Amino acid sequence: MRGAADGAAGAAGDQAPRPMPLAGVHVVALEQAVAAPLCTRHLADLGADVIKIERPGGGDFARAYDSAVLSQSAYFVWLNRGKRSVTLDVQSDGGRAALDGLLDRADIFVSNLGPGAVGRLGLDEETLARRWPRLISCAISGYGADGPYRDRKGFDLLLQGESGLTATTGTADAPAKVGISIADIAAGMYALSSILAALRDRDASGRGASIDISMLDCLAEWMMVPMYLEMYGGGAPPRSGMRHASIVPYGPFAVADGSVNLAVQTDGQWRRLCASVLDRAALADDPRYATNELRVRNRATLEPLIEGLLAVQEQAEVTARLERADVPFGAVNTVAGLVGHPQLTQRERWFEVDSEGGPVRALIPPFGIRGVPVRAGTIPSAGQHTDEVMDELREDGRG
């Protein structure tokens, strides 16, 4: 495991470390839960100074989700390292004046409070653009800034259902939500990419930007294949558990002592699977299975046939054959298996960050920019940096 401050993301040879890409960029975040904190944590990972505004008396409510990581919330630990936490009552005169002072020197303002909350603070899109014309403001919400659903609260489960994602996930008998906060993560990543694009545009034009990120829009974009099949292909794909609705064979198949996860995407892979793994070369030309569309149509007979041919082989033998035949495969891992995954270990993807509970293992961000140092920011306690930041504002004449 890398130490808390050493190492570089994808460093090549003895190349000198590059400066942090967002060094000198100032971010103010009125944020909570997952979507905005994910975006701003990545901005912090890239070198930005992120000031996280938290409520007095508890801060970000994600701090109270659980106490799994050294008495701290797993969500909060994941999403908030490298930020400076400032406790402000932004509805008070003094708190609001301090917030304005922070925005005076900010490059980026990110928010994901409840519907209308930022507007009630007088920080609507028009006011921000008029008062801080170089500011890049990004508001994340469940349904967007307008439309009939704009005042609805947006939480991950609700958006997974509203977007139709749960209609594609699960088994034929029952839908299921994705096991991670995928609507929040989608919104956070689109917010991040939009902000980075707006920063580049500001470098050229001098103009700030107003960014409106809707969790529904993000998941709807990712649902385009099911929607195209619904609109043009005769109907949305059925829920198929660990199988694929449009590709066969694709998914886990039992072997004598476990399972193997197949992802056969091309006819060449199908032929090599039949000849070199299943020992049934003629199966590739069977008129029921010769193309992927035929294999999908006849999956009820093909999948049990494949499983029967694999079930008499040991896992080590099957995986060796798959590797030699260049047929894509993998394991169906547990979470514990991912923690100890040899690829993460060999590539030294783990490092440590500090927190009030002690050192915490974390994954190096997957940006992969060679030569950029890994920023091992501390996980802040609520209000930890309030005095420090207020002193800076006073020194700047803004406090």
# chains A, B, ... in the order shown; residues from 1 in each chain; ligands from 1
>>> select_by_dssp(residues="stretch 84-290 of chain A", states="strand (DSSP E or B)", output="PDB file with all heavy atoms, in the first residue's frame")
ATOM      1  N   ARG A  84     -11.903  21.320   2.800  1.00  0.00           N
ATOM      2  CA  ARG A  84     -11.895  22.077   4.062  1.00  0.00           C
ATOM      3  C   ARG A  84     -13.344  22.292   4.490  1.00  0.00           C
ATOM      4  O   ARG A  84     -14.153  22.817   3.719  1.00  0.00           O
ATOM      5  CB  ARG A  84     -11.167  23.400   3.887  1.00  0.00           C
ATOM      6  CG  ARG A  84      -9.689  23.229   3.552  1.00  0.00           C
ATOM      7  CD  ARG A  84      -8.886  24.486   3.847  1.00  0.00           C
ATOM      8  NE  ARG A  84      -9.116  25.541   2.871  1.00  0.00           N
ATOM      9  CZ  ARG A  84      -8.659  26.784   3.020  1.00  0.00           C
ATOM     10  NH1 ARG A  84      -7.988  27.126   4.115  1.00  0.00           N
ATOM     11  NH2 ARG A  84      -8.885  27.701   2.083  1.00  0.00           N
ATOM     12  N   SER A  85     -13.663  21.854   5.702  1.00  0.00           N
ATOM     13  CA  SER A  85     -15.024  21.954   6.217  1.00  0.00           C
ATOM     14  C   SER A  85     -15.201  23.234   7.016  1.00  0.00           C
ATOM     15  O   SER A  85     -14.447  23.515   7.954  1.00  0.00           O
ATOM     16  CB  SER A  85     -15.357  20.750   7.098  1.00  0.00           C
ATOM     17  OG  SER A  85     -16.609  20.936   7.735  1.00  0.00           O
ATOM     18  N   VAL A  86     -16.216  24.010   6.620  1.00  0.00           N
ATOM     19  CA  VAL A  86     -16.546  25.260   7.298  1.00  0.00           C
ATOM     20  C   VAL A  86     -18.006  25.188   7.737  1.00  0.00           C
ATOM     21  O   VAL A  86     -18.898  24.895   6.929  1.00  0.00           O
ATOM     22  CB  VAL A  86     -16.340  26.466   6.356  1.00  0.00           C
ATOM     23  CG1 VAL A  86     -16.879  27.736   6.974  1.00  0.00           C
ATOM     24  CG2 VAL A  86     -14.857  26.622   6.024  1.00  0.00           C
ATOM     25  N   THR A  87     -18.254  25.430   9.009  1.00  0.00           N
ATOM     26  CA  THR A  87     -19.617  25.442   9.530  1.00  0.00           C
ATOM     27  C   THR A  87     -20.168  26.856   9.450  1.00  0.00           C
ATOM     28  O   THR A  87     -19.597  27.782  10.029  1.00  0.00           O
ATOM     29  CB  THR A  87     -19.641  24.953  10.988  1.00  0.00           C
ATOM     30  OG1 THR A  87     -19.115  23.629  11.049  1.00  0.00           O
ATOM     31  CG2 THR A  87     -21.062  24.932  11.522  1.00  0.00           C
ATOM     32  N   ILE A 108     -15.541  28.276  -8.731  1.00  0.00           N
ATOM     33  CA  ILE A 108     -16.597  27.284  -8.947  1.00  0.00           C
ATOM     34  C   ILE A 108     -17.500  27.257  -7.724  1.00  0.00           C
ATOM     35  O   ILE A 108     -17.012  27.285  -6.581  1.00  0.00           O
ATOM     36  CB  ILE A 108     -15.992  25.878  -9.172  1.00  0.00           C
ATOM     37  CG1 ILE A 108     -15.085  25.868 -10.416  1.00  0.00           C
ATOM     38  CG2 ILE A 108     -17.080  24.822  -9.302  1.00  0.00           C
ATOM     39  CD1 ILE A 108     -14.158  24.660 -10.459  1.00  0.00           C
ATOM     40  N   PHE A 109     -18.804  27.177  -7.964  1.00  0.00           N
ATOM     41  CA  PHE A 109     -19.794  27.040  -6.892  1.00  0.00           C
ATOM     42  C   PHE A 109     -20.666  25.840  -7.232  1.00  0.00           C
ATOM     43  O   PHE A 109     -21.308  25.793  -8.282  1.00  0.00           O
ATOM     44  CB  PHE A 109     -20.638  28.303  -6.785  1.00  0.00           C
ATOM     45  CG  PHE A 109     -21.783  28.215  -5.802  1.00  0.00           C
ATOM     46  CD1 PHE A 109     -21.594  27.763  -4.515  1.00  0.00           C
ATOM     47  CD2 PHE A 109     -23.067  28.610  -6.183  1.00  0.00           C
ATOM     48  CE1 PHE A 109     -22.648  27.691  -3.607  1.00  0.00           C
ATOM     49  CE2 PHE A 109     -24.129  28.545  -5.300  1.00  0.00           C
ATOM     50  CZ  PHE A 109     -23.919  28.085  -4.006  1.00  0.00           C
ATOM     51  N   VAL A 110     -20.672  24.835  -6.350  1.00  0.00           N
ATOM     52  CA  VAL A 110     -21.434  23.608  -6.572  1.00  0.00           C
ATOM     53  C   VAL A 110     -22.467  23.469  -5.463  1.00  0.00           C
ATOM     54  O   VAL A 110     -22.158  23.659  -4.287  1.00  0.00           O
ATOM     55  CB  VAL A 110     -20.511  22.367  -6.587  1.00  0.00           C
ATOM     56  CG1 VAL A 110     -21.318  21.091  -6.840  1.00  0.00           C
ATOM     57  CG2 VAL A 110     -19.413  22.520  -7.641  1.00  0.00           C
ATOM     58  N   SER A 111     -23.700  23.105  -5.845  1.00  0.00           N
ATOM     59  CA  SER A 111     -24.755  22.926  -4.841  1.00  0.00           C
ATOM     60  C   SER A 111     -25.656  21.765  -5.213  1.00  0.00           C
ATOM     61  O   SER A 111     -25.848  21.465  -6.389  1.00  0.00           O
ATOM     62  CB  SER A 111     -25.597  24.203  -4.710  1.00  0.00           C
ATOM     63  OG  SER A 111     -26.274  24.481  -5.920  1.00  0.00           O
ATOM     64  N   ILE A 136     -18.224  29.833 -12.258  1.00  0.00           N
ATOM     65  CA  ILE A 136     -18.860  28.647 -12.835  1.00  0.00           C
ATOM     66  C   ILE A 136     -19.737  28.037 -11.751  1.00  0.00           C
ATOM     67  O   ILE A 136     -19.227  27.537 -10.740  1.00  0.00           O
ATOM     68  CB  ILE A 136     -17.804  27.638 -13.325  1.00  0.00           C
ATOM     69  CG1 ILE A 136     -17.014  28.241 -14.483  1.00  0.00           C
ATOM     70  CG2 ILE A 136     -18.464  26.322 -13.746  1.00  0.00           C
ATOM     71  CD1 ILE A 136     -15.738  27.502 -14.795  1.00  0.00           C
ATOM     72  N   SER A 137     -21.050  28.148 -11.925  1.00  0.00           N
ATOM     73  CA  SER A 137     -21.974  27.610 -10.924  1.00  0.00           C
ATOM     74  C   SER A 137     -22.612  26.339 -11.468  1.00  0.00           C
ATOM     75  O   SER A 137     -22.996  26.267 -12.633  1.00  0.00           O
ATOM     76  CB  SER A 137     -23.047  28.638 -10.564  1.00  0.00           C
ATOM     77  OG  SER A 137     -23.868  28.927 -11.675  1.00  0.00           O
ATOM     78  N   CYS A 138     -22.705  25.340 -10.617  1.00  0.00           N
ATOM     79  CA  CYS A 138     -23.266  24.046 -11.014  1.00  0.00           C
ATOM     80  C   CYS A 138     -24.279  23.607  -9.962  1.00  0.00           C
ATOM     81  O   CYS A 138     -23.917  23.399  -8.795  1.00  0.00           O
ATOM     82  CB  CYS A 138     -22.163  23.002 -11.149  1.00  0.00           C
ATOM     83  SG  CYS A 138     -22.766  21.353 -11.574  1.00  0.00           S
ATOM     84  N   ALA A 139     -25.540  23.488 -10.360  1.00  0.00           N
ATOM     85  CA  ALA A 139     -26.605  23.047  -9.465  1.00  0.00           C
ATOM     86  C   ALA A 139     -27.039  21.635  -9.869  1.00  0.00           C
ATOM     87  O   ALA A 139     -27.382  21.392 -11.034  1.00  0.00           O
ATOM     88  CB  ALA A 139     -27.790  23.997  -9.538  1.00  0.00           C
ATOM     89  N   ILE A 140     -27.001  20.723  -8.917  1.00  0.00           N
ATOM     90  CA  ILE A 140     -27.397  19.333  -9.151  1.00  0.00           C
ATOM     91  C   ILE A 140     -28.722  19.086  -8.441  1.00  0.00           C
ATOM     92  O   ILE A 140     -28.883  19.412  -7.266  1.00  0.00           O
ATOM     93  CB  ILE A 140     -26.338  18.358  -8.616  1.00  0.00           C
ATOM     94  CG1 ILE A 140     -24.973  18.651  -9.236  1.00  0.00           C
ATOM     95  CG2 ILE A 140     -26.746  16.914  -8.894  1.00  0.00           C
ATOM     96  CD1 ILE A 140     -23.830  17.852  -8.614  1.00  0.00           C
ATOM     97  N   SER A 141     -29.689  18.509  -9.157  1.00  0.00           N
ATOM     98  CA  SER A 141     -31.001  18.233  -8.563  1.00  0.00           C
ATOM     99  C   SER A 141     -31.542  16.928  -9.142  1.00  0.00           C
ATOM    100  O   SER A 141     -30.953  16.341 -10.053  1.00  0.00           O
ATOM    101  CB  SER A 141     -31.974  19.381  -8.855  1.00  0.00           C
ATOM    102  OG  SER A 141     -32.171  19.525 -10.253  1.00  0.00           O
ATOM    103  N   GLY A 170     -32.542  -6.809 -12.429  1.00  0.00           N
ATOM    104  CA  GLY A 170     -33.235  -7.786 -11.611  1.00  0.00           C
ATOM    105  C   GLY A 170     -33.508  -9.041 -12.417  1.00  0.00           C
ATOM    106  O   GLY A 170     -32.889  -9.295 -13.459  1.00  0.00           O
ATOM    107  N   PRO A 175     -38.066  -6.730 -10.199  1.00  0.00           N
ATOM    108  CA  PRO A 175     -37.051  -5.709 -10.476  1.00  0.00           C
ATOM    109  C   PRO A 175     -36.121  -5.566  -9.284  1.00  0.00           C
ATOM    110  O   PRO A 175     -36.406  -6.018  -8.177  1.00  0.00           O
ATOM    111  CB  PRO A 175     -37.884  -4.449 -10.697  1.00  0.00           C
ATOM    112  CG  PRO A 175     -39.114  -4.671  -9.884  1.00  0.00           C
ATOM    113  CD  PRO A 175     -39.388  -6.150  -9.944  1.00  0.00           C
ATOM    114  N   ALA A 209     -20.084  30.293 -16.237  1.00  0.00           N
ATOM    115  CA  ALA A 209     -21.121  29.439 -16.817  1.00  0.00           C
ATOM    116  C   ALA A 209     -22.105  29.033 -15.736  1.00  0.00           C
ATOM    117  O   ALA A 209     -21.771  28.979 -14.549  1.00  0.00           O
ATOM    118  CB  ALA A 209     -20.506  28.194 -17.452  1.00  0.00           C
ATOM    119  N   SER A 210     -23.329  28.742 -16.153  1.00  0.00           N
ATOM    120  CA  SER A 210     -24.353  28.178 -15.270  1.00  0.00           C
ATOM    121  C   SER A 210     -24.654  26.765 -15.758  1.00  0.00           C
ATOM    122  O   SER A 210     -25.022  26.573 -16.918  1.00  0.00           O
ATOM    123  CB  SER A 210     -25.624  29.028 -15.305  1.00  0.00           C
ATOM    124  OG  SER A 210     -25.369  30.315 -14.789  1.00  0.00           O
ATOM    125  N   ILE A 211     -24.497  25.799 -14.884  1.00  0.00           N
ATOM    126  CA  ILE A 211     -24.647  24.387 -15.240  1.00  0.00           C
ATOM    127  C   ILE A 211     -25.804  23.796 -14.447  1.00  0.00           C
ATOM    128  O   ILE A 211     -25.865  23.939 -13.221  1.00  0.00           O
ATOM    129  CB  ILE A 211     -23.349  23.615 -14.942  1.00  0.00           C
ATOM    130  CG1 ILE A 211     -22.174  24.201 -15.749  1.00  0.00           C
ATOM    131  CG2 ILE A 211     -23.513  22.135 -15.231  1.00  0.00           C
ATOM    132  CD1 ILE A 211     -20.809  23.701 -15.297  1.00  0.00           C
ATOM    133  N   ASP A 212     -26.711  23.150 -15.134  1.00  0.00           N
ATOM    134  CA  ASP A 212     -27.901  22.529 -14.538  1.00  0.00           C
ATOM    135  C   ASP A 212     -27.812  21.028 -14.763  1.00  0.00           C
ATOM    136  O   ASP A 212     -27.936  20.556 -15.904  1.00  0.00           O
ATOM    137  CB  ASP A 212     -29.154  23.123 -15.193  1.00  0.00           C
ATOM    138  CG  ASP A 212     -30.438  22.406 -14.797  1.00  0.00           C
ATOM    139  OD1 ASP A 212     -30.481  21.799 -13.714  1.00  0.00           O
ATOM    140  OD2 ASP A 212     -31.400  22.446 -15.601  1.00  0.00           O
ATOM    141  N   ILE A 213     -27.557  20.259 -13.707  1.00  0.00           N
ATOM    142  CA  ILE A 213     -27.419  18.807 -13.816  1.00  0.00           C
ATOM    143  C   ILE A 213     -28.629  18.140 -13.177  1.00  0.00           C
ATOM    144  O   ILE A 213     -28.912  18.332 -11.990  1.00  0.00           O
ATOM    145  CB  ILE A 213     -26.135  18.310 -13.132  1.00  0.00           C
ATOM    146  CG1 ILE A 213     -24.888  18.935 -13.773  1.00  0.00           C
ATOM    147  CG2 ILE A 213     -26.062  16.783 -13.171  1.00  0.00           C
ATOM    148  CD1 ILE A 213     -24.615  18.491 -15.185  1.00  0.00           C
ATOM    149  N   SER A 214     -29.337  17.354 -13.968  1.00  0.00           N
ATOM    150  CA  SER A 214     -30.502  16.609 -13.500  1.00  0.00           C
ATOM    151  C   SER A 214     -30.147  15.129 -13.403  1.00  0.00           C
ATOM    152  O   SER A 214     -29.661  14.525 -14.361  1.00  0.00           O
ATOM    153  CB  SER A 214     -31.666  16.803 -14.490  1.00  0.00           C
ATOM    154  OG  SER A 214     -32.555  15.716 -14.468  1.00  0.00           O
ATOM    155  N   TYR A 250     -23.516 -14.757 -22.374  1.00  0.00           N
ATOM    156  CA  TYR A 250     -23.043 -13.582 -21.636  1.00  0.00           C
ATOM    157  C   TYR A 250     -23.575 -13.709 -20.229  1.00  0.00           C
ATOM    158  O   TYR A 250     -24.775 -13.618 -19.993  1.00  0.00           O
ATOM    159  CB  TYR A 250     -23.599 -12.322 -22.311  1.00  0.00           C
ATOM    160  CG  TYR A 250     -22.918 -11.024 -21.963  1.00  0.00           C
ATOM    161  CD1 TYR A 250     -22.042 -10.407 -22.845  1.00  0.00           C
ATOM    162  CD2 TYR A 250     -23.175 -10.382 -20.760  1.00  0.00           C
ATOM    163  CE1 TYR A 250     -21.443  -9.194 -22.558  1.00  0.00           C
ATOM    164  CE2 TYR A 250     -22.580  -9.164 -20.453  1.00  0.00           C
ATOM    165  CZ  TYR A 250     -21.713  -8.573 -21.356  1.00  0.00           C
ATOM    166  OH  TYR A 250     -21.116  -7.375 -21.066  1.00  0.00           O
ATOM    167  N   GLY A 251     -22.665 -13.924 -19.258  1.00  0.00           N
ATOM    168  CA  GLY A 251     -23.076 -14.091 -17.873  1.00  0.00           C
ATOM    169  C   GLY A 251     -22.370 -15.262 -17.228  1.00  0.00           C
ATOM    170  O   GLY A 251     -21.516 -15.920 -17.834  1.00  0.00           O
ATOM    171  N   PRO A 252     -22.706 -15.573 -15.973  1.00  0.00           N
ATOM    172  CA  PRO A 252     -22.037 -16.648 -15.248  1.00  0.00           C
ATOM    173  C   PRO A 252     -22.586 -18.019 -15.620  1.00  0.00           C
ATOM    174  O   PRO A 252     -23.792 -18.198 -15.801  1.00  0.00           O
ATOM    175  CB  PRO A 252     -22.339 -16.310 -13.782  1.00  0.00           C
ATOM    176  CG  PRO A 252     -23.625 -15.565 -13.828  1.00  0.00           C
ATOM    177  CD  PRO A 252     -23.651 -14.819 -15.122  1.00  0.00           C
ATOM    178  N   PHE A 253     -21.664 -18.968 -15.730  1.00  0.00           N
ATOM    179  CA  PHE A 253     -22.024 -20.360 -16.001  1.00  0.00           C
ATOM    180  C   PHE A 253     -21.308 -21.233 -14.981  1.00  0.00           C
ATOM    181  O   PHE A 253     -20.132 -21.014 -14.670  1.00  0.00           O
ATOM    182  CB  PHE A 253     -21.611 -20.767 -17.418  1.00  0.00           C
ATOM    183  CG  PHE A 253     -22.434 -20.115 -18.503  1.00  0.00           C
ATOM    184  CD1 PHE A 253     -22.130 -18.835 -18.936  1.00  0.00           C
ATOM    185  CD2 PHE A 253     -23.514 -20.764 -19.064  1.00  0.00           C
ATOM    186  CE1 PHE A 253     -22.882 -18.204 -19.914  1.00  0.00           C
ATOM    187  CE2 PHE A 253     -24.278 -20.157 -20.054  1.00  0.00           C
ATOM    188  CZ  PHE A 253     -23.964 -18.876 -20.481  1.00  0.00           C
ATOM    189  N   ALA A 254     -22.027 -22.233 -14.446  1.00  0.00           N
ATOM    190  CA  ALA A 254     -21.451 -23.116 -13.440  1.00  0.00           C
ATOM    191  C   ALA A 254     -20.418 -24.036 -14.068  1.00  0.00           C
ATOM    192  O   ALA A 254     -20.575 -24.510 -15.204  1.00  0.00           O
ATOM    193  CB  ALA A 254     -22.551 -23.935 -12.778  1.00  0.00           C
ATOM    194  N   VAL A 255     -19.333 -24.263 -13.318  1.00  0.00           N
ATOM    195  CA  VAL A 255     -18.354 -25.295 -13.658  1.00  0.00           C
ATOM    196  C   VAL A 255     -18.324 -26.273 -12.487  1.00  0.00           C
ATOM    197  O   VAL A 255     -19.084 -26.130 -11.529  1.00  0.00           O
ATOM    198  CB  VAL A 255     -16.962 -24.674 -13.923  1.00  0.00           C
ATOM    199  CG1 VAL A 255     -17.024 -23.755 -15.141  1.00  0.00           C
ATOM    200  CG2 VAL A 255     -16.455 -23.899 -12.704  1.00  0.00           C
ATOM    201  N   GLY A 258     -17.261 -24.260  -9.176  1.00  0.00           N
ATOM    202  CA  GLY A 258     -17.508 -22.830  -9.040  1.00  0.00           C
ATOM    203  C   GLY A 258     -18.260 -22.286 -10.234  1.00  0.00           C
ATOM    204  O   GLY A 258     -19.247 -22.879 -10.680  1.00  0.00           O
ATOM    205  N   SER A 259     -17.786 -21.178 -10.769  1.00  0.00           N
ATOM    206  CA  SER A 259     -18.440 -20.583 -11.929  1.00  0.00           C
ATOM    207  C   SER A 259     -17.428 -19.773 -12.713  1.00  0.00           C
ATOM    208  O   SER A 259     -16.339 -19.449 -12.224  1.00  0.00           O
ATOM    209  CB  SER A 259     -19.608 -19.679 -11.502  1.00  0.00           C
ATOM    210  OG  SER A 259     -19.123 -18.535 -10.827  1.00  0.00           O
ATOM    211  N   VAL A 260     -17.808 -19.445 -13.945  1.00  0.00           N
ATOM    212  CA  VAL A 260     -17.014 -18.568 -14.778  1.00  0.00           C
ATOM    213  C   VAL A 260     -17.958 -17.592 -15.462  1.00  0.00           C
ATOM    214  O   VAL A 260     -19.081 -17.958 -15.825  1.00  0.00           O
ATOM    215  CB  VAL A 260     -16.187 -19.370 -15.813  1.00  0.00           C
ATOM    216  CG1 VAL A 260     -17.089 -20.115 -16.789  1.00  0.00           C
ATOM    217  CG2 VAL A 260     -15.210 -18.468 -16.543  1.00  0.00           C
ATOM    218  N   ASN A 261     -17.543 -16.347 -15.587  1.00  0.00           N
ATOM    219  CA  ASN A 261     -18.372 -15.293 -16.154  1.00  0.00           C
ATOM    220  C   ASN A 261     -17.925 -15.052 -17.590  1.00  0.00           C
ATOM    221  O   ASN A 261     -16.784 -14.629 -17.827  1.00  0.00           O
ATOM    222  CB  ASN A 261     -18.199 -14.016 -15.317  1.00  0.00           C
ATOM    223  CG  ASN A 261     -19.423 -13.132 -15.339  1.00  0.00           C
ATOM    224  OD1 ASN A 261     -20.510 -13.554 -15.703  1.00  0.00           O
ATOM    225  ND2 ASN A 261     -19.261 -11.889 -14.928  1.00  0.00           N
ATOM    226  N   LEU A 262     -18.798 -15.321 -18.554  1.00  0.00           N
ATOM    227  CA  LEU A 262     -18.457 -15.198 -19.970  1.00  0.00           C
ATOM    228  C   LEU A 262     -19.030 -13.914 -20.554  1.00  0.00           C
ATOM    229  O   LEU A 262     -20.095 -13.458 -20.144  1.00  0.00           O
ATOM    230  CB  LEU A 262     -19.006 -16.386 -20.764  1.00  0.00           C
ATOM    231  CG  LEU A 262     -18.496 -17.778 -20.389  1.00  0.00           C
ATOM    232  CD1 LEU A 262     -19.156 -18.833 -21.282  1.00  0.00           C
ATOM    233  CD2 LEU A 262     -16.976 -17.854 -20.504  1.00  0.00           C
ATOM    234  N   ALA A 263     -18.325 -13.359 -21.545  1.00  0.00           N
ATOM    235  CA  ALA A 263     -18.811 -12.185 -22.274  1.00  0.00           C
ATOM    236  C   ALA A 263     -18.412 -12.349 -23.737  1.00  0.00           C
ATOM    237  O   ALA A 263     -17.452 -11.749 -24.222  1.00  0.00           O
ATOM    238  CB  ALA A 263     -18.242 -10.895 -21.703  1.00  0.00           C
TER     239      ALA A 263
END
>>> residues_around(residues="stretch 112-126 of chain A", least_positions_apart="2", cutoff="9 Å", atoms="only C-alpha atoms", output="PyMOL selection string")
chain A and resi 29-33+35-37+90-91+96+110+128-131+137-142+145+150-154+210-211
>>> closest_atom_pairs(of="stretch 8-68 of chain A", to="stretch 376-397 of chain A", cutoff="10 Å", atoms="only C-alpha atoms", output="tab-separated table")
residue	atom	partner	partner_atom	distance
A:Arg41	CA	A:Gly377	CA	9.5
A:Ala44	CA	A:Gly377	CA	8.0
A:Asp45	CA	A:Gly377	CA	7.7
A:Gly47	CA	A:Gly377	CA	9.7
A:Ile51	CA	A:Val389	CA	8.5
A:Lys52	CA	A:Gly383	CA	9.0
A:Ile53	CA	A:Gly383	CA	8.3
A:Glu54	CA	A:Ala382	CA	7.0
A:Arg55	CA	A:Ala382	CA	8.7
A:Pro56	CA	A:Gly383	CA	8.1
A:Gly57	CA	A:Ala382	CA	8.9
A:Gly58	CA	A:Ala382	CA	7.1
A:Gly59	CA	A:Ala382	CA	5.9
A:Asp60	CA	A:Ala382	CA	8.1
A:Arg63	CA	A:Ala382	CA	8.9
>>> select_by_dssp(residues="stretch 57-182 of chain A", states="helix (DSSP H, G or I)", output="PyMOL selection string")
chain A and resi 61-64+74-79+93-104+117-120+125-131+156-162+165-167+182
>>> atom_distance(atom1="atom CA of A:Pro17", atom2="atom CA of A:Val77")
26.6 Å
